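Remarks on the structure that follows.
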Amino acid sequence: VAGERMGSSVAFANGFLITGSPEKTVNGNLYQGDTYLFKQLSVLPATPVWEYRRNIGFPGAGANNYWGKSVAIDGYNIITASDQFQNYRGKVIFMNIEE
């Protein structure tokens with residue numbers, strides 16, 4: 001959707017891609033944000049095939065949290081964060097991809 005800024009943060013490792021959409025409206029919460037995980041099914045450069053795996057939102061997030069503003073992958077570990085969670089206290093989530 002226009003204005004959600006999907007792809008403004010991106011990380012790729014071991015055939016997985018994580019991308020943030022920090023300005024997404026979720027359940028009526030403006031700029032709550034979200035993060036998405038994709039798996040690369042084909043490594044052919046001319047015809048890459050990607051499969052959506054899941055979103056990695058934070059249940060306690062609310063309006064103006066800009067979730068997914070920062071993302072990273074290291075091995076099979078994911079990090080997603082927002083520096084504006086709970087009035088700029090910030091929040092980081094670490095999780096395993098668990099294939």
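Please note that chains go A, B, ... in the order of the structure tokens, that every chain numbers its residues from 1, and that ligands are numbered from 1 in the order shown.
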Would you pick out the contacts of segment 69-79 of chain A at 9 Å or less, using only C-alpha atoms, so that residues sharing its chain but fewer than 3 positions from it are not included, and give the list as an MDAnalysis selection string?
chainID A and resid 8:14 16:23 33:35 66 82:83 92:99
Keeping C-alpha atoms, export the residues of the selection given above as an mmCIF file, in the first residue's frame.
data_model
loop_
_atom_site.group_PDB
_atom_site.id
_atom_site.type_symbol
_atom_site.label_atom_id
_atom_site.label_comp_id
_atom_site.auth_asym_id
_atom_site.auth_seq_id
_atom_site.Cartn_x
_atom_site.Cartn_y
_atom_site.Cartn_z
ATOM 1 C CA SER A 8 12.875 0.987 3.737
ATOM 2 C CA SER A 9 14.840 -1.517 5.851
ATOM 3 C CA VAL A 10 16.040 -4.784 4.312
ATOM 4 C CA ALA A 11 18.402 -7.607 5.289
ATOM 5 C CA PHE A 12 19.289 -10.825 3.454
ATOM 6 C CA ALA A 13 21.144 -13.973 4.600
ATOM 7 C CA ASN A 14 21.026 -17.730 3.993
ATOM 8 C CA PHE A 16 15.987 -15.348 3.750
ATOM 9 C CA LEU A 17 14.974 -11.720 3.360
ATOM 10 C CA ILE A 18 13.439 -9.573 6.078
ATOM 11 C CA THR A 19 11.971 -6.176 5.284
ATOM 12 C CA GLY A 20 10.297 -3.502 7.350
ATOM 13 C CA SER A 21 7.224 -1.445 6.610
ATOM 14 C CA PRO A 22 7.493 1.152 9.394
ATOM 15 C CA GLU A 23 4.591 3.373 8.372
ATOM 16 C CA GLY A 33 4.576 -0.659 11.315
ATOM 17 C CA ASP A 34 5.275 -4.298 10.542
ATOM 18 C CA THR A 35 8.059 -6.616 9.383
ATOM 19 C CA TYR A 66 7.224 2.651 13.342
ATOM 20 C CA SER A 82 11.750 0.393 16.602
ATOM 21 C CA ASP A 83 13.419 3.331 18.299
ATOM 22 C CA VAL A 92 14.243 -4.891 19.896
ATOM 23 C CA ILE A 93 13.045 -8.426 19.163
ATOM 24 C CA PHE A 94 15.467 -11.300 18.597
ATOM 25 C CA MET A 95 14.101 -14.535 17.166
ATOM 26 C CA ASN A 96 15.161 -17.632 15.244
ATOM 27 C CA ILE A 97 13.783 -18.248 11.774
ATOM 28 C CA GLU A 98 13.022 -21.877 12.729
ATOM 29 C CA GLU A 99 12.840 -23.440 9.293
#
Fewer than 4 positions away in the same chain doesn't count, so skip those; otherwise give me all residues within 12 Å of segment 24-32 of chain A, counting only C-alpha atoms, as a compact mmCIF listing (two decimals) with N, CA, C and O atoms, in the first residue's frame.
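The new file result_22.txt reads:
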# COMPACT_ATOMS: atom_id res chain seq x y z
N VAL A 1 0.85 -1.18 0.00
CA VAL A 1 0.00 0.00 0.00
C VAL A 1 0.90 1.24 0.00
O VAL A 1 1.89 1.29 0.73
N ALA A 2 0.54 2.21 -0.77
CA ALA A 2 1.32 3.44 -0.85
C ALA A 2 1.46 4.08 0.52
O ALA A 2 0.52 4.09 1.32
N GLY A 3 2.64 4.57 0.82
CA GLY A 3 2.88 5.28 2.06
C GLY A 3 3.33 4.42 3.22
O GLY A 3 3.66 4.93 4.28
N GLU A 4 3.36 3.09 3.06
CA GLU A 4 3.77 2.23 4.17
C GLU A 4 5.29 2.08 4.29
O GLU A 4 5.79 1.59 5.27
N ARG A 5 6.00 2.50 3.25
CA ARG A 5 7.47 2.46 3.20
C ARG A 5 8.05 1.06 3.31
O ARG A 5 9.11 0.84 3.87
N MET A 6 7.32 0.07 2.77
CA MET A 6 7.85 -1.29 2.77
C MET A 6 9.14 -1.32 1.97
O MET A 6 9.23 -0.76 0.88
N GLY A 7 10.16 -1.95 2.54
CA GLY A 7 11.46 -2.02 1.89
C GLY A 7 12.41 -0.93 2.34
O GLY A 7 13.54 -0.86 1.88
N SER A 8 11.98 -0.07 3.26
CA SER A 8 12.88 0.99 3.74
C SER A 8 13.98 0.42 4.62
O SER A 8 15.01 1.05 4.82
N GLY A 20 11.19 -4.26 6.49
CA GLY A 20 10.30 -3.50 7.35
C GLY A 20 9.35 -2.63 6.55
O GLY A 20 9.65 -2.24 5.43
N TYR A 36 8.26 -8.24 7.56
CA TYR A 36 7.90 -9.42 6.79
C TYR A 36 9.12 -10.29 6.51
O TYR A 36 10.20 -9.77 6.23
N ASN A 55 4.63 -12.48 8.88
CA ASN A 55 4.97 -11.15 9.36
C ASN A 55 5.49 -11.30 10.79
O ASN A 55 5.16 -12.25 11.50
N GLY A 57 5.35 -8.93 13.53
CA GLY A 57 4.90 -7.73 14.22
C GLY A 57 5.10 -7.89 15.72
O GLY A 57 5.46 -8.96 16.21
N PHE A 58 4.88 -6.84 16.43
CA PHE A 58 5.00 -6.89 17.88
C PHE A 58 3.62 -6.62 18.45
O PHE A 58 3.05 -5.55 18.24
N PRO A 59 3.03 -7.60 19.19
CA PRO A 59 1.65 -7.45 19.69
C PRO A 59 1.43 -6.21 20.55
O PRO A 59 0.36 -5.65 20.56
N GLY A 60 2.44 -5.74 21.26
CA GLY A 60 2.27 -4.58 22.12
C GLY A 60 2.48 -3.24 21.42
O GLY A 60 2.39 -2.19 22.04
N ALA A 61 2.76 -3.29 20.13
CA ALA A 61 3.01 -2.06 19.39
C ALA A 61 1.70 -1.29 19.21
O ALA A 61 0.62 -1.87 19.21
N GLY A 62 1.81 0.00 19.06
CA GLY A 62 0.65 0.85 18.85
C GLY A 62 0.95 1.92 17.82
O GLY A 62 1.95 1.86 17.11
N ALA A 63 0.10 2.90 17.76
CA ALA A 63 0.26 4.00 16.81
C ALA A 63 1.60 4.70 17.03
O ALA A 63 2.10 4.79 18.15
N ASN A 64 2.18 5.15 15.94
CA ASN A 64 3.43 5.91 15.93
C ASN A 64 4.63 5.15 16.51
O ASN A 64 5.56 5.75 17.03
N ASN A 65 4.62 3.82 16.41
CA ASN A 65 5.76 3.02 16.87
C ASN A 65 6.76 2.75 15.75
O ASN A 65 7.90 2.40 16.02
N TYR A 66 6.35 2.84 14.50
CA TYR A 66 7.22 2.65 13.34
C TYR A 66 7.99 1.32 13.43
O TYR A 66 9.19 1.26 13.24
N TRP A 67 7.25 0.25 13.74
CA TRP A 67 7.86 -1.07 13.88
C TRP A 67 8.46 -1.52 12.56
O TRP A 67 7.88 -1.32 11.52
N GLY A 68 9.63 -2.12 12.60
CA GLY A 68 10.32 -2.56 11.39
C GLY A 68 11.21 -1.49 10.81
O GLY A 68 11.72 -1.63 9.70
N LYS A 69 11.42 -0.42 11.54
CA LYS A 69 12.29 0.65 11.07
C LYS A 69 13.72 0.14 10.87
O LYS A 69 14.44 0.60 10.01
N ALA A 81 13.38 -3.98 15.02
CA ALA A 81 13.36 -2.97 16.09
C ALA A 81 12.61 -1.71 15.70
O ALA A 81 12.35 -1.46 14.54
N SER A 82 12.30 -0.94 16.75
CA SER A 82 11.75 0.39 16.60
C SER A 82 12.36 1.27 17.69
O SER A 82 12.34 0.90 18.86
N GLN A 84 11.10 4.12 18.36
CA GLN A 84 10.03 5.00 18.82
C GLN A 84 8.98 4.28 19.64
O GLN A 84 7.96 4.86 19.99
N PHE A 85 9.20 3.02 19.96
CA PHE A 85 8.26 2.23 20.75
C PHE A 85 8.11 2.85 22.14
O PHE A 85 9.09 3.22 22.77
N GLN A 86 6.88 2.95 22.62
CA GLN A 86 6.55 3.51 23.94
C GLN A 86 7.27 4.83 24.21
O GLN A 86 8.10 4.96 25.11
Could you work out how far atom CA of Ser42 of chain A lies from atom CA of Arg54 of chain A, giving the answer in Å with one decimal?
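About the pair atom CA of Arg54 of chain A and atom CA of Ser42 of chain A: they are 18.5 Å apart.
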Sel. of alpha helix (DSSP H) residues, chain A, as a PDB file with N, CA, C and O atoms, in the first residue's frame:
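Final output, saved to result_39.pdb:
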ATOM      1  N   PHE A  85       9.204   3.015  19.959  1.00  0.00           N
ATOM      2  CA  PHE A  85       8.262   2.230  20.751  1.00  0.00           C
ATOM      3  C   PHE A  85       8.114   2.846  22.139  1.00  0.00           C
ATOM      4  O   PHE A  85       9.092   3.224  22.773  1.00  0.00           O
ATOM      5  N   GLN A  86       6.885   2.949  22.624  1.00  0.00           N
ATOM      6  CA  GLN A  86       6.555   3.506  23.944  1.00  0.00           C
ATOM      7  C   GLN A  86       7.265   4.834  24.210  1.00  0.00           C
ATOM      8  O   GLN A  86       8.099   4.961  25.106  1.00  0.00           O
ATOM      9  N   ASN A  87       6.897   5.823  23.430  1.00  0.00           N
ATOM     10  CA  ASN A  87       7.429   7.185  23.593  1.00  0.00           C
ATOM     11  C   ASN A  87       8.955   7.228  23.575  1.00  0.00           C
ATOM     12  O   ASN A  87       9.586   7.792  24.453  1.00  0.00           O
ATOM     13  N   TYR A  88       9.534   6.585  22.566  1.00  0.00           N
ATOM     14  CA  TYR A  88      10.975   6.609  22.293  1.00  0.00           C
ATOM     15  C   TYR A  88      11.817   5.787  23.265  1.00  0.00           C
ATOM     16  O   TYR A  88      13.018   5.974  23.359  1.00  0.00           O
TER      17      TYR A  88
END
Rounded to one decimal, what separation in Å do you get between atom CA of Glu51 of chain A and atom CA of Phe38 of chain A?
5.4 Å
Going by DSSP on the backbone, which bits of chain A are strand (DSSP E or B)? Write them as a PyMOL selection string, please.
chain A and resi 9-13+16-21+26+29+33-42+49-55+67+70-74+77-82+91-96
With only C-alpha atoms as the counted atoms, please give the residues lying no more than 8 Å from Gly15 of chain A, apart from itself and same-chain residues fewer than 3 positions off, as a ChimeraX atom specification.
/A:12,39-41
Could you save the residues just selected, with all heavy atoms, as a PDB file, in the first residue's frame?
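Wrote out21.pdb, looks like this:
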ATOM      1  N   PHE A  12      19.331  -9.555   4.161  1.00  0.00           N
ATOM      2  CA  PHE A  12      19.289 -10.825   3.454  1.00  0.00           C
ATOM      3  C   PHE A  12      20.425 -11.711   3.933  1.00  0.00           C
ATOM      4  O   PHE A  12      21.566 -11.260   4.053  1.00  0.00           O
ATOM      5  CB  PHE A  12      19.425 -10.581   1.944  1.00  0.00           C
ATOM      6  CG  PHE A  12      19.473 -11.841   1.130  1.00  0.00           C
ATOM      7  CD1 PHE A  12      18.311 -12.526   0.840  1.00  0.00           C
ATOM      8  CD2 PHE A  12      20.686 -12.334   0.667  1.00  0.00           C
ATOM      9  CE1 PHE A  12      18.358 -13.696   0.090  1.00  0.00           C
ATOM     10  CE2 PHE A  12      20.735 -13.491  -0.084  1.00  0.00           C
ATOM     11  CZ  PHE A  12      19.574 -14.182  -0.371  1.00  0.00           C
ATOM     12  N   LYS A  39      11.378 -16.223   1.955  1.00  0.00           N
ATOM     13  CA  LYS A  39      12.420 -17.216   1.676  1.00  0.00           C
ATOM     14  C   LYS A  39      12.626 -17.283   0.172  1.00  0.00           C
ATOM     15  O   LYS A  39      11.666 -17.313  -0.599  1.00  0.00           O
ATOM     16  CB  LYS A  39      12.024 -18.589   2.191  1.00  0.00           C
ATOM     17  CG  LYS A  39      13.096 -19.643   1.869  1.00  0.00           C
ATOM     18  CD  LYS A  39      12.900 -20.905   2.641  1.00  0.00           C
ATOM     19  CE  LYS A  39      13.897 -21.973   2.291  1.00  0.00           C
ATOM     20  NZ  LYS A  39      15.269 -21.661   2.488  1.00  0.00           N
ATOM     21  N   GLN A  40      13.881 -17.334  -0.239  1.00  0.00           N
ATOM     22  CA  GLN A  40      14.225 -17.443  -1.647  1.00  0.00           C
ATOM     23  C   GLN A  40      14.153 -18.915  -2.052  1.00  0.00           C
ATOM     24  O   GLN A  40      14.857 -19.753  -1.498  1.00  0.00           O
ATOM     25  CB  GLN A  40      15.625 -16.893  -1.894  1.00  0.00           C
ATOM     26  CG  GLN A  40      16.001 -16.825  -3.337  1.00  0.00           C
ATOM     27  CD  GLN A  40      17.358 -16.175  -3.539  1.00  0.00           C
ATOM     28  OE1 GLN A  40      18.153 -16.052  -2.621  1.00  0.00           O
ATOM     29  NE2 GLN A  40      17.624 -15.747  -4.757  1.00  0.00           N
ATOM     30  N   LEU A  41      13.292 -19.230  -3.016  1.00  0.00           N
ATOM     31  CA  LEU A  41      13.117 -20.608  -3.455  1.00  0.00           C
ATOM     32  C   LEU A  41      13.971 -20.946  -4.669  1.00  0.00           C
ATOM     33  O   LEU A  41      14.298 -22.097  -4.899  1.00  0.00           O
ATOM     34  CB  LEU A  41      11.644 -20.885  -3.773  1.00  0.00           C
ATOM     35  CG  LEU A  41      10.673 -20.677  -2.612  1.00  0.00           C
ATOM     36  CD1 LEU A  41       9.246 -20.948  -3.073  1.00  0.00           C
ATOM     37  CD2 LEU A  41      11.034 -21.563  -1.436  1.00  0.00           C
TER      38      LEU A  41
END
